[in-house]
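Engineer: Supplied structure: data-v5.txt, compact mmCIF, C-alpha atoms.
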```txt
# COMPACT_ATOMS: atom_id res chain seq x y z
CA THR A 1 0.00 0.00 0.00
CA HIS A 2 1.14 3.50 -0.85
CA LEU A 3 1.79 5.80 2.15
CA LEU A 4 0.83 9.44 1.88
CA PRO A 5 2.90 12.27 3.29
CA VAL A 6 1.33 14.30 6.06
CA VAL A 7 -0.02 17.39 4.34
CA TYR A 8 -1.65 18.90 7.38
CA ARG A 9 -1.83 17.79 10.97
CA THR A 10 -4.41 19.31 13.25
CA ASP A 11 -3.82 19.92 16.94
CA PHE A 12 -7.42 18.97 17.68
CA SER A 13 -7.90 15.62 19.35
CA LEU A 14 -11.36 14.25 20.06
CA LYS A 15 -10.69 12.87 23.49
CA GLN A 16 -7.88 13.78 25.77
CA PRO A 17 -8.11 11.89 29.07
CA TRP A 18 -6.77 14.78 31.15
CA GLN A 19 -9.31 17.19 29.72
CA GLU A 20 -12.36 17.61 31.92
CA GLU A 21 -13.97 20.42 29.95
CA ILE A 22 -13.81 22.04 26.52
CA SER A 23 -15.55 25.03 25.04
CA MET A 24 -18.15 24.74 22.30
CA PHE A 25 -16.09 27.34 20.42
CA TRP A 26 -13.10 24.98 20.52
CA CYS A 27 -15.34 22.29 18.99
CA LEU A 28 -16.57 24.72 16.34
CA GLU A 29 -13.05 25.71 15.39
CA ALA A 30 -12.09 22.03 15.15
CA PHE A 31 -15.13 21.40 12.91
CA LEU A 32 -14.26 24.33 10.66
CA GLY A 33 -10.54 23.56 10.56
CA GLU A 34 -8.81 22.23 7.49
CA GLU A 35 -8.10 18.50 7.50
CA PRO A 36 -6.48 16.10 5.06
CA LEU A 37 -8.53 13.48 3.26
CA GLY A 38 -7.31 9.93 3.87
CA GLN A 39 -6.00 7.36 1.44
CA ASP A 40 -9.53 6.11 0.74
CA ASP A 41 -10.69 9.62 -0.21
CA MET A 42 -7.98 10.77 -2.58
CA TRP A 43 -8.80 13.39 -5.20
CA TYR A 44 -8.29 12.66 -8.88
CA CYS A 45 -6.39 15.48 -10.56
CA PRO A 46 -7.66 15.88 -14.15
CA GLU A 47 -4.44 17.64 -15.23
CA CYS A 48 -1.79 15.17 -14.05
CA LYS A 49 -4.18 12.17 -14.20
CA GLU A 50 -3.17 10.95 -10.72
CA HIS A 51 -4.88 10.50 -7.40
CA ARG A 52 -3.59 13.02 -4.86
CA GLN A 53 -4.09 13.71 -1.21
CA ALA A 54 -6.22 16.80 -0.70
CA ASN A 55 -7.53 18.81 2.20
CA LYS A 56 -11.14 19.56 3.02
CA LYS A 57 -12.42 22.69 4.69
CA LEU A 58 -15.92 23.68 5.74
CA ASP A 59 -17.04 27.30 5.95
CA LEU A 60 -20.24 28.88 7.23
CA TRP A 61 -21.74 31.36 4.76
CA LYS A 62 -25.16 31.90 6.28
CA LEU A 63 -26.92 30.59 9.38
CA PRO A 64 -30.59 29.76 9.95
CA ASP A 65 -33.02 31.24 12.47
CA VAL A 66 -33.13 27.90 14.27
CA LEU A 67 -29.70 26.37 14.79
CA VAL A 68 -29.27 22.72 15.79
CA ILE A 69 -25.83 21.76 17.05
CA HIS A 70 -25.10 18.04 17.33
CA LEU A 71 -22.17 17.31 19.64
CA LYS A 72 -20.12 14.31 18.58
CA ARG A 73 -20.44 12.01 21.59
CA PHE A 74 -19.30 8.74 20.05
CA THR A 75 -15.94 7.83 18.58
CA TYR A 76 -15.26 4.88 16.32
CA CYS A 77 -11.97 3.36 15.33
CA ARG A 78 -11.10 0.04 13.77
CA TYR A 79 -11.11 -1.93 17.02
CA SER A 80 -13.31 -0.01 19.43
CA LYS A 81 -16.26 2.28 19.92
CA ASP A 82 -16.44 4.68 22.82
CA LYS A 83 -18.66 7.34 24.34
CA ILE A 84 -17.11 10.78 24.76
CA ASP A 85 -18.14 12.13 28.17
CA THR A 86 -16.12 15.35 28.13
CA PHE A 87 -18.12 18.32 29.41
CA VAL A 88 -18.67 20.81 26.58
CA ASP A 89 -19.26 24.29 27.94
CA TYR A 90 -21.84 25.97 25.73
CA PRO A 91 -23.49 29.35 26.16
CA VAL A 92 -27.12 29.60 27.18
CA HIS A 93 -27.33 33.30 26.23
CA ASP A 94 -25.57 35.40 23.64
CA LEU A 95 -24.04 32.70 21.44
CA ASP A 96 -22.43 35.01 18.89
CA LEU A 97 -21.36 33.19 15.73
CA SER A 98 -20.91 36.33 13.62
CA LYS A 99 -17.13 35.96 13.40
CA TYR A 100 -17.48 32.44 11.97
CA VAL A 101 -19.77 33.47 9.09
CA LYS A 102 -17.87 34.21 5.86
CA SER A 103 -20.64 36.27 4.25
CA LYS A 104 -20.18 39.85 5.40
CA ASP A 105 -23.77 40.97 4.93
CA GLY A 106 -23.89 43.15 8.04
CA GLN A 107 -26.10 40.73 9.94
CA THR A 108 -25.36 39.53 13.43
CA TYR A 109 -25.69 35.87 14.25
CA LEU A 110 -26.65 35.94 17.91
CA TYR A 111 -28.48 32.97 19.45
CA GLU A 112 -30.24 31.92 22.66
CA LEU A 113 -30.48 28.32 23.79
CA TYR A 114 -34.03 26.99 24.09
CA ALA A 115 -33.59 23.21 24.37
CA VAL A 116 -31.03 20.48 25.06
CA SER A 117 -31.30 16.77 24.34
CA ASN A 118 -29.15 14.64 26.68
CA HIS A 119 -27.82 11.12 26.31
CA TYR A 120 -26.88 9.03 29.34
CA GLY A 121 -25.25 5.64 29.01
CA GLY A 122 -22.87 4.12 26.53
CA MET A 123 -22.67 2.72 23.04
CA GLY A 124 -24.68 -0.41 23.75
CA GLY A 125 -27.64 1.42 25.19
CA GLY A 126 -28.64 4.55 26.92
CA HIS A 127 -31.34 6.90 28.02
CA TYR A 128 -32.41 10.24 26.57
CA THR A 129 -33.77 13.21 28.49
CA ALA A 130 -34.41 16.79 27.46
CA CYS A 131 -34.59 20.28 28.90
CA ALA A 132 -36.56 23.00 27.16
CA LYS A 133 -37.41 26.61 27.86
CA LEU A 134 -41.06 27.61 27.73
CA MET A 135 -40.66 31.05 26.18
CA ASP A 136 -44.05 32.40 27.31
CA GLU A 137 -43.13 31.73 30.95
CA ASN A 138 -39.37 32.23 30.60
CA LYS A 139 -38.92 28.97 32.57
CA TRP A 140 -36.88 25.83 31.99
CA TYR A 141 -38.36 22.34 32.27
CA CYS A 142 -36.64 18.95 32.27
CA PHE A 143 -38.33 15.93 30.68
CA ASP A 144 -37.44 12.36 31.64
CA ASP A 145 -39.94 9.86 30.24
CA SER A 146 -43.23 10.69 31.99
CA PHE A 147 -41.57 12.88 34.62
CA VAL A 148 -41.50 16.66 34.06
CA ALA A 149 -40.01 19.16 36.49
CA THR A 150 -39.06 22.82 36.49
CA ALA A 151 -35.32 23.45 36.38
CA ASN A 152 -32.93 26.24 37.15
CA GLU A 153 -31.09 27.59 34.15
CA SER A 154 -27.80 26.69 35.85
CA ASP A 155 -28.85 23.00 35.95
CA ILE A 156 -29.39 22.46 32.22
CA LYS A 157 -25.71 22.16 31.31
CA SER A 158 -24.14 18.72 31.77
CA SER A 159 -21.65 16.34 30.16
CA ALA A 160 -24.66 14.42 28.82
CA ALA A 161 -25.60 17.24 26.39
CA TYR A 162 -25.96 15.71 22.93
CA VAL A 163 -28.03 18.06 20.75
CA LEU A 164 -28.38 21.81 21.38
CA PHE A 165 -31.23 23.91 19.99
CA TYR A 166 -30.76 27.66 19.55
CA ARG A 167 -33.04 30.38 18.22
CA ARG A 168 -31.71 33.45 16.54
CA VAL A 169 -32.10 36.76 18.34
CA ARG A 170 -32.16 39.69 15.96
CA SER A 171 -31.10 43.21 16.78
CA GLU A 172 -33.74 45.93 16.65
CA SER A 173 -32.37 47.27 13.35
CA GLU A 174 -32.49 43.80 11.75
CA THR A 175 -36.07 43.32 13.00
CA SER A 176 -37.21 46.66 11.57
CA GLU A 177 -35.51 45.87 8.22
CA MET A 178 -37.43 42.58 8.06
CA GLU A 179 -40.72 44.38 8.71
CA VAL A 180 -40.04 46.78 5.81
CA ASP A 181 -39.35 43.87 3.43
```
Rewrite the structure of this file - the entire thing - as structure tokens.
Structural biologist:
Amino acid sequence: THLLPVVYRTDFSLKQPWQEEISMFWCLEAFLGEEPLGQDDMWYCPECKEHRQANKKLDLWKLPDVLVIHLKRFTYCRYSKDKIDTFVDYPVHDLDLSKYVKSKDGQTYLYELYAVSNHYGGMGGGHYTACAKLMDENKWYCFDDSFVATANESDIKSSAAYVLFYRRVRSESETSEMEVD
């Protein structure tokens, strides 16, 4: 088999045993970082007629009003599968993604968390719960099968967070521009 040279090596590692907590922004930067394609994903160059190692890079050009962020909680390698239990610190208020959006259209991309889906357990099985904010009451509730309870905002963050749901908060000028359109 033909070995490829390392074109790019990222400093991002999915699971570092000494790491008890990481920021969601660290995860986002890892997701948006450039990474090399492997030997099974080589690019065919039409000019030199050879398969070559290439890099892939994702960019954000525009973001939706409802943003769903799926945290990678499972890792797979040839011989094992594992659950990633690292606590990801994510903002509840004022998630500002404006600096990550490539389109410079003057809009702000500011979000508020309104729900979290949690996964407890491992690869072979587990249990899902959720916390959601009832906007009319400005209160958080936690849902666990048939059990529902009010929750403090400080209690909704945990290392079990799996899917985060954000709604876009527009500035007054953006809201008034939308009303004119």
Engineer: What is the CA of Tyr90 (chain A)-CA of Pro64 (chain A) distance in Å, reported with one decimal?
Structural biologist: 18.4 Å
Engineer: Just the number, please: distance in Å from CA of Lys133 (chain A) to CA of Ile69 (chain A), one decimal.
Structural biologist: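 Spanning CA of Lys133 (chain A) to CA of Ile69 (chain A) is a straight-line distance of 16.6 Å.
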Engineer: Restricting the calculation to only C-alpha atoms: of A:Lys104, A:Arg168, A:Lys62, A:Arg73, which residue gets closest to Asp85 (chain A)?
Structural biologist: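 Selected residue with least distance to Asp85 (chain A): A:Arg73.
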Engineer: Do a neighbour search on region 39-42 of chain A at 6 Å with all atoms listed in the file, toss out local chain neighbours closer than 3 positions, and write the hits as a VMD selection string.
Structural biologist: chain A and resid 51 to 53
Engineer: Name all residues at most 10 Å from Gly122 (chain A) (count all atoms listed in the file; drop same-chain ones fewer than 2 positions away) and give them as a list in words.
Structural biologist: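 The residues that qualify are Arg73, Phe74, Lys81, Asp82, Lys83, Ile84, Asp85, His119, Tyr120, Gly124, Gly125, Gly126 and His127 of chain A.
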Engineer: Counting all atoms listed in the file, which residue out of A:Tyr111, A:Phe165, A:Phe87, A:Tyr128 sits closest to Ser23 (chain A)?
Structural biologist: A:Phe87
Engineer: Could you extract region 79-90 of chain A of the given structure into a file holding all heavy atoms, as a tab-separated table (two decimals), in the first residue's frame?
Structural biologist:
```
chain	number	residue	atom	x	y	z
A	79	TYR	N	-10.94	-0.87	16.02
A	79	TYR	CA	-11.11	-1.93	17.02
A	79	TYR	C	-12.04	-1.59	18.18
A	79	TYR	O	-12.36	-2.44	18.99
A	79	TYR	CB	-9.74	-2.34	17.58
A	79	TYR	CG	-8.80	-2.77	16.49
A	79	TYR	CD1	-7.75	-1.95	16.09
A	79	TYR	CD2	-8.98	-3.98	15.82
A	79	TYR	CE1	-6.90	-2.33	15.07
A	79	TYR	CE2	-8.13	-4.37	14.79
A	79	TYR	CZ	-7.09	-3.54	14.43
A	79	TYR	OH	-6.25	-3.92	13.42
A	80	SER	N	-12.47	-0.34	18.28
A	80	SER	CA	-13.31	-0.01	19.43
A	80	SER	C	-14.27	1.13	19.12
A	80	SER	O	-14.09	1.89	18.18
A	80	SER	CB	-12.43	0.38	20.62
A	80	SER	OG	-11.78	1.61	20.36
A	81	LYS	N	-15.28	1.20	19.95
A	81	LYS	CA	-16.26	2.28	19.92
A	81	LYS	C	-16.33	2.80	21.34
A	81	LYS	O	-16.27	2.03	22.30
A	81	LYS	CB	-17.63	1.77	19.50
A	81	LYS	CG	-17.66	1.13	18.14
A	81	LYS	CD	-19.03	0.54	17.88
A	81	LYS	CE	-18.97	-0.42	16.72
A	81	LYS	NZ	-20.17	-1.21	16.59
A	82	ASP	N	-16.47	4.11	21.48
A	82	ASP	CA	-16.44	4.68	22.82
A	82	ASP	C	-17.35	5.89	22.90
A	82	ASP	O	-17.57	6.58	21.91
A	82	ASP	CB	-15.00	5.08	23.16
A	82	ASP	CG	-14.77	5.27	24.64
A	82	ASP	OD1	-15.60	4.82	25.45
A	82	ASP	OD2	-13.73	5.87	25.00
A	83	LYS	N	-17.85	6.15	24.08
A	83	LYS	CA	-18.66	7.34	24.34
A	83	LYS	C	-17.73	8.44	24.84
A	83	LYS	O	-16.86	8.20	25.67
A	83	LYS	CB	-19.72	7.02	25.41
A	83	LYS	CG	-20.44	8.25	25.96
A	83	LYS	CD	-21.80	8.43	25.39
A	83	LYS	CE	-22.47	9.71	25.84
A	83	LYS	NZ	-23.30	9.61	26.98
A	84	ILE	N	-17.90	9.63	24.33
A	84	ILE	CA	-17.11	10.78	24.76
A	84	ILE	C	-17.92	11.51	25.82
A	84	ILE	O	-18.99	12.04	25.54
A	84	ILE	CB	-16.81	11.71	23.57
A	84	ILE	CG1	-16.06	10.95	22.48
A	84	ILE	CG2	-16.02	12.93	24.03
A	84	ILE	CD1	-15.92	11.72	21.18
A	85	ASP	N	-17.42	11.53	27.04
A	85	ASP	CA	-18.14	12.13	28.17
A	85	ASP	C	-17.60	13.50	28.57
A	85	ASP	O	-18.00	14.03	29.60
A	85	ASP	CB	-18.08	11.20	29.38
A	85	ASP	CG	-18.91	9.95	29.18
A	85	ASP	OD1	-20.05	10.07	28.67
A	85	ASP	OD2	-18.44	8.85	29.51
A	86	THR	N	-16.71	14.06	27.79
A	86	THR	CA	-16.12	15.35	28.13
A	86	THR	C	-17.22	16.41	28.21
A	86	THR	O	-18.10	16.49	27.35
A	86	THR	CB	-15.09	15.76	27.05
A	86	THR	OG1	-14.11	14.73	26.95
A	86	THR	CG2	-14.43	17.07	27.38
A	87	PHE	N	-17.16	17.24	29.26
A	87	PHE	CA	-18.12	18.32	29.41
A	87	PHE	C	-17.82	19.39	28.38
A	87	PHE	O	-16.68	19.87	28.27
A	87	PHE	CB	-18.03	18.92	30.82
A	87	PHE	CG	-18.95	20.09	31.02
A	87	PHE	CD1	-20.30	19.89	31.24
A	87	PHE	CD2	-18.47	21.39	30.97
A	87	PHE	CE1	-21.16	20.97	31.43
A	87	PHE	CE2	-19.31	22.47	31.15
A	87	PHE	CZ	-20.66	22.26	31.38
A	88	VAL	N	-18.81	19.73	27.57
A	88	VAL	CA	-18.67	20.81	26.58
A	88	VAL	C	-19.41	22.01	27.15
A	88	VAL	O	-20.62	21.97	27.38
A	88	VAL	CB	-19.27	20.40	25.21
A	88	VAL	CG1	-19.18	21.57	24.24
A	88	VAL	CG2	-18.56	19.18	24.66
A	89	ASP	N	-18.66	23.07	27.39
A	89	ASP	CA	-19.26	24.29	27.94
A	89	ASP	C	-19.84	25.11	26.79
A	89	ASP	O	-19.11	25.58	25.92
A	89	ASP	CB	-18.20	25.09	28.69
A	89	ASP	CG	-18.81	26.26	29.46
A	89	ASP	OD1	-20.05	26.27	29.66
A	89	ASP	OD2	-18.05	27.16	29.84
A	90	TYR	N	-21.15	25.24	26.78
A	90	TYR	CA	-21.84	25.97	25.73
A	90	TYR	C	-22.63	27.11	26.34
A	90	TYR	O	-23.13	27.00	27.46
A	90	TYR	CB	-22.76	25.04	24.93
A	90	TYR	CG	-23.70	24.22	25.79
A	90	TYR	CD1	-24.96	24.71	26.14
A	90	TYR	CD2	-23.33	22.97	26.26
A	90	TYR	CE1	-25.82	23.96	26.93
A	90	TYR	CE2	-24.19	22.22	27.05
A	90	TYR	CZ	-25.43	22.73	27.38
A	90	TYR	OH	-26.27	21.99	28.16
```
